[in-house]
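Written out below as structure tokens is the structure these notes cover.
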Amino acid sequence: MAPDNRTPNRPAARLALIGLFVCLAFLPVRAQEGHPLTGTWSGDWGPSPAARTHVTMVMAWDGKALTGTINPGPDAIAVEAIFLDVTNWTIRFEASTKEASGAQVQVAAEGKLEDIASSHRTLTGTWRQGATKGTFKLTRD
Amino acid sequence: MNTRHRGALCLLACVCSLPLFAQRPSSAVYDTEREVRLEGPVTRIDWATPHVFVFLDVRDAAGTVVNWAVQVASPIDLERSGWTRSGLRLGDVVSITAQPARGSQRQALGRLVVLKASAKQLFSSSRKPSAASRTAPTPRWPDGHVRLGPPPGQTGYWGAASAPALTEAIRSPVRLNGDGLLADLADADRVAPFQPWAKALYLHRQRSLLKDDPLGRCMPPGGPRQFHMPDGFKFVEQRELGRILVLMGGGNRNWRVIHTDGRPQGQPAEVVLSFFGNSVGRWEKDTLVVDSVGYNERFWLSSGGLPHTESLHLVERFSRPSLETLRYEVTVDDPRTYTRPWTGGWTVQWVPNEEIQESFCEENPEFTFVR
């Protein structure tokens, strides 16, 4: 009986998959060398490792001020103010949004920009939304 | 996973990561504050662009033989200094003064290479090409326009720039090394009128010895940096087509088009963002004035780490006061990065009777070995 060619060679397939991941990890990345905050950032925030909420944040620099939007789309939250301290690359931003109950809540976050030369630089810090406090981590896409 | 699979995986990882380490500034790779003396027989010669590598077995203080890789200049520079491909053979004993790599790698940047048997100096980084001994008139087209290429029937290209990086301080130059690193970081304000974020980013790049230079990832030398590449550039004036091509010797043999057919400049918000922008040129008497917009943010404006944004607008002025000299001046207008428009520039020396050589970023033999 001829061997079944449809049967996957599991070790080989696993090796190929790992190899693909390794290659993807080392691919030349589309770095953005301009203002370090410009671009789309994604990640999450939450009060504990188990309770996380996905966040997408888009920031832009117009030469005078930083502007931003949290979760662009129908439920977008316009960021009211973004402050960047370039002496230590710390950032603070504020916004307000409505909760499911319709109540207006304030969003305030403070974080630090890490690995600013990397295309996948990160922002990490604390996030407060209404009465809930937590941490956040955003990575530039 | 067995040993063979692990080996294959490591090899795959190495191959995949090759472009990441390509053509990093020498300041990022080598420790310019230290010096080593290496002596031993040559075991391998990689005679390739952009850098020739010489490998030699060196006996250390404990008597152990270790193999070193020494980077020297490009083949074209070596041949110009009299070291041809056949000038060094396997087994020849050489004495090399070099700057070692940062860290523990057995790799160095050669400064002086001497053939032991004959005491013949093969290479010295301090030996500069002699300046042109005479000044020939600016070559011109039959209609009187300046020619940016060679005179009719001749060859040549534009080689070394007179400054290592773009700065505003033309009359009172700031001290920079060959990679554009400031001798004194306090001089940053004299480099350009930075916005605070741009100065902080520039200083970050300087402090990290330019290790994140996009050229190190084989990205093209966009903006003014294209006229700073070690392997030079040339202009091809296609007057009948209303355009000038800029062919670059270094990087990845990139090319750029300057439209001279009278077309208007595109709207910055509409042109496709690129490394070399959308360029239209016109002649103002003997000066080619080139207006460019539409730059992406994926390159450094200059060696040394000058940042910019998509709002970058460049006005470049090219003039040729003699056969041997090209004067390059560029006005940088990027209100998101700099507090005002500013101008810098340099001169470039003509290399007569030669052509730019093939040079591909990722081809460097440096990446065929792991030290």
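Chains: A, B, ... in order of the structure tokens. Residues: from 1 per chain. Ligands: from 1, in order shown.
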
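DSSP, applied to the backbone of this structure, assigns alpha helix (DSSP H) to the following residues of segment 133-303 of chain B: Ala188, Asp189, Arg190, Val191, Pro196, Trp197, Ala198, Lys199, Ala200, Leu201, Tyr202, Leu203, His204, Arg205, Gln206 and Arg207 of chain B.
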
Selection from above, N, CA and C atoms, as a PDB file, in the first residue's frame, can you write it?
```pdb
ATOM      1  N   ALA B 188      24.773  69.941  19.767  1.00  0.00           N
ATOM      2  CA  ALA B 188      23.561  69.527  19.035  1.00  0.00           C
ATOM      3  C   ALA B 188      22.754  70.719  18.543  1.00  0.00           C
ATOM      4  N   ASP B 189      22.702  71.772  19.343  1.00  0.00           N
ATOM      5  CA  ASP B 189      21.904  72.939  18.933  1.00  0.00           C
ATOM      6  C   ASP B 189      22.499  73.636  17.713  1.00  0.00           C
ATOM      7  N   ARG B 190      23.757  73.376  17.429  1.00  0.00           N
ATOM      8  CA  ARG B 190      24.378  73.993  16.254  1.00  0.00           C
ATOM      9  C   ARG B 190      24.181  73.134  14.999  1.00  0.00           C
ATOM     10  N   VAL B 191      23.706  71.920  15.201  1.00  0.00           N
ATOM     11  CA  VAL B 191      23.501  71.029  14.055  1.00  0.00           C
ATOM     12  C   VAL B 191      22.275  71.460  13.262  1.00  0.00           C
ATOM     13  N   PRO B 196      11.953  70.371  20.405  1.00  0.00           N
ATOM     14  CA  PRO B 196      12.446  69.605  21.567  1.00  0.00           C
ATOM     15  C   PRO B 196      12.435  68.084  21.358  1.00  0.00           C
ATOM     16  N   TRP B 197      11.340  67.546  20.793  1.00  0.00           N
ATOM     17  CA  TRP B 197      11.287  66.091  20.624  1.00  0.00           C
ATOM     18  C   TRP B 197      12.362  65.607  19.648  1.00  0.00           C
ATOM     19  N   ALA B 198      12.604  66.427  18.618  1.00  0.00           N
ATOM     20  CA  ALA B 198      13.571  66.030  17.600  1.00  0.00           C
ATOM     21  C   ALA B 198      14.996  66.057  18.166  1.00  0.00           C
ATOM     22  N   LYS B 199      15.268  67.047  18.989  1.00  0.00           N
ATOM     23  CA  LYS B 199      16.598  67.110  19.607  1.00  0.00           C
ATOM     24  C   LYS B 199      16.792  65.918  20.546  1.00  0.00           C
ATOM     25  N   ALA B 200      15.739  65.605  21.326  1.00  0.00           N
ATOM     26  CA  ALA B 200      15.852  64.464  22.247  1.00  0.00           C
ATOM     27  C   ALA B 200      16.082  63.166  21.478  1.00  0.00           C
ATOM     28  N   LEU B 201      15.403  63.017  20.357  1.00  0.00           N
ATOM     29  CA  LEU B 201      15.565  61.799  19.560  1.00  0.00           C
ATOM     30  C   LEU B 201      16.957  61.758  18.918  1.00  0.00           C
ATOM     31  N   TYR B 202      17.403  62.906  18.413  1.00  0.00           N
ATOM     32  CA  TYR B 202      18.738  62.988  17.811  1.00  0.00           C
ATOM     33  C   TYR B 202      19.811  62.626  18.843  1.00  0.00           C
ATOM     34  N   LEU B 203      19.669  63.174  20.056  1.00  0.00           N
ATOM     35  CA  LEU B 203      20.651  62.880  21.098  1.00  0.00           C
ATOM     36  C   LEU B 203      20.597  61.405  21.515  1.00  0.00           C
ATOM     37  N   HIS B 204      19.401  60.857  21.541  1.00  0.00           N
ATOM     38  CA  HIS B 204      19.269  59.426  21.853  1.00  0.00           C
ATOM     39  C   HIS B 204      20.044  58.588  20.830  1.00  0.00           C
ATOM     40  N   ARG B 205      19.897  58.951  19.558  1.00  0.00           N
ATOM     41  CA  ARG B 205      20.610  58.199  18.506  1.00  0.00           C
ATOM     42  C   ARG B 205      22.122  58.388  18.634  1.00  0.00           C
ATOM     43  N   GLN B 206      22.518  59.596  18.981  1.00  0.00           N
ATOM     44  CA  GLN B 206      23.951  59.860  19.152  1.00  0.00           C
ATOM     45  C   GLN B 206      24.497  59.058  20.333  1.00  0.00           C
ATOM     46  N   ARG B 207      23.765  59.062  21.433  1.00  0.00           N
ATOM     47  CA  ARG B 207      24.247  58.358  22.634  1.00  0.00           C
ATOM     48  C   ARG B 207      24.313  56.849  22.407  1.00  0.00           C
TER      49      ARG B 207
END
```

Within 9 Å of segment 72-74 of chain A, counting only C-alpha atoms, which residues qualify if same-chain residues fewer than 6 places away don't, as a compact mmCIF listing (two decimals) with C-alpha atoms, in the first residue's frame?
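Once written, selection31.txt looks like this:
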```
# COMPACT_ATOMS: atom_id res chain seq x y z
CA THR A 56 -6.19 50.60 19.89
CA MET A 57 -4.83 54.11 19.97
CA VAL A 58 -3.85 56.31 17.04
```

- [ ] Excluding segment 266-282 of chain B and any residue of its chain fewer than 5 positions from it, enumerate the residues within 7 Å of it, using only C-alpha atoms, and give them as a VMD selection string.
- [x] chain B and resid 220 222 to 223 256 to 260 288 to 296

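Relative to atom CA of Met219 of chain B, atom CA of Leu109 of chain B is found at 23.0 Å.
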
Restricting to only C-alpha atoms, whichever of B:Val113, B:Ala183, B:Val42, B:Leu215 is closest to chain A is B:Leu215

The distance between atom CA of Thr167 of chain B and atom CA of Ala98 of chain B is 29.4 Å

Need to verify the contact set: Val94 of chain B, 8 Å, only C-alpha atoms, exclusion of same-chain residues closer than 2 positions in sequence. Can you return it as a ChimeraX atom specification?
/B:39-42,92,96,113-116

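The closest residue to Glu33 of chain A, picked from B:Thr337, B:Asn353, B:Asn67, B:Thr49 and counting only C-alpha atoms, is B:Thr337.
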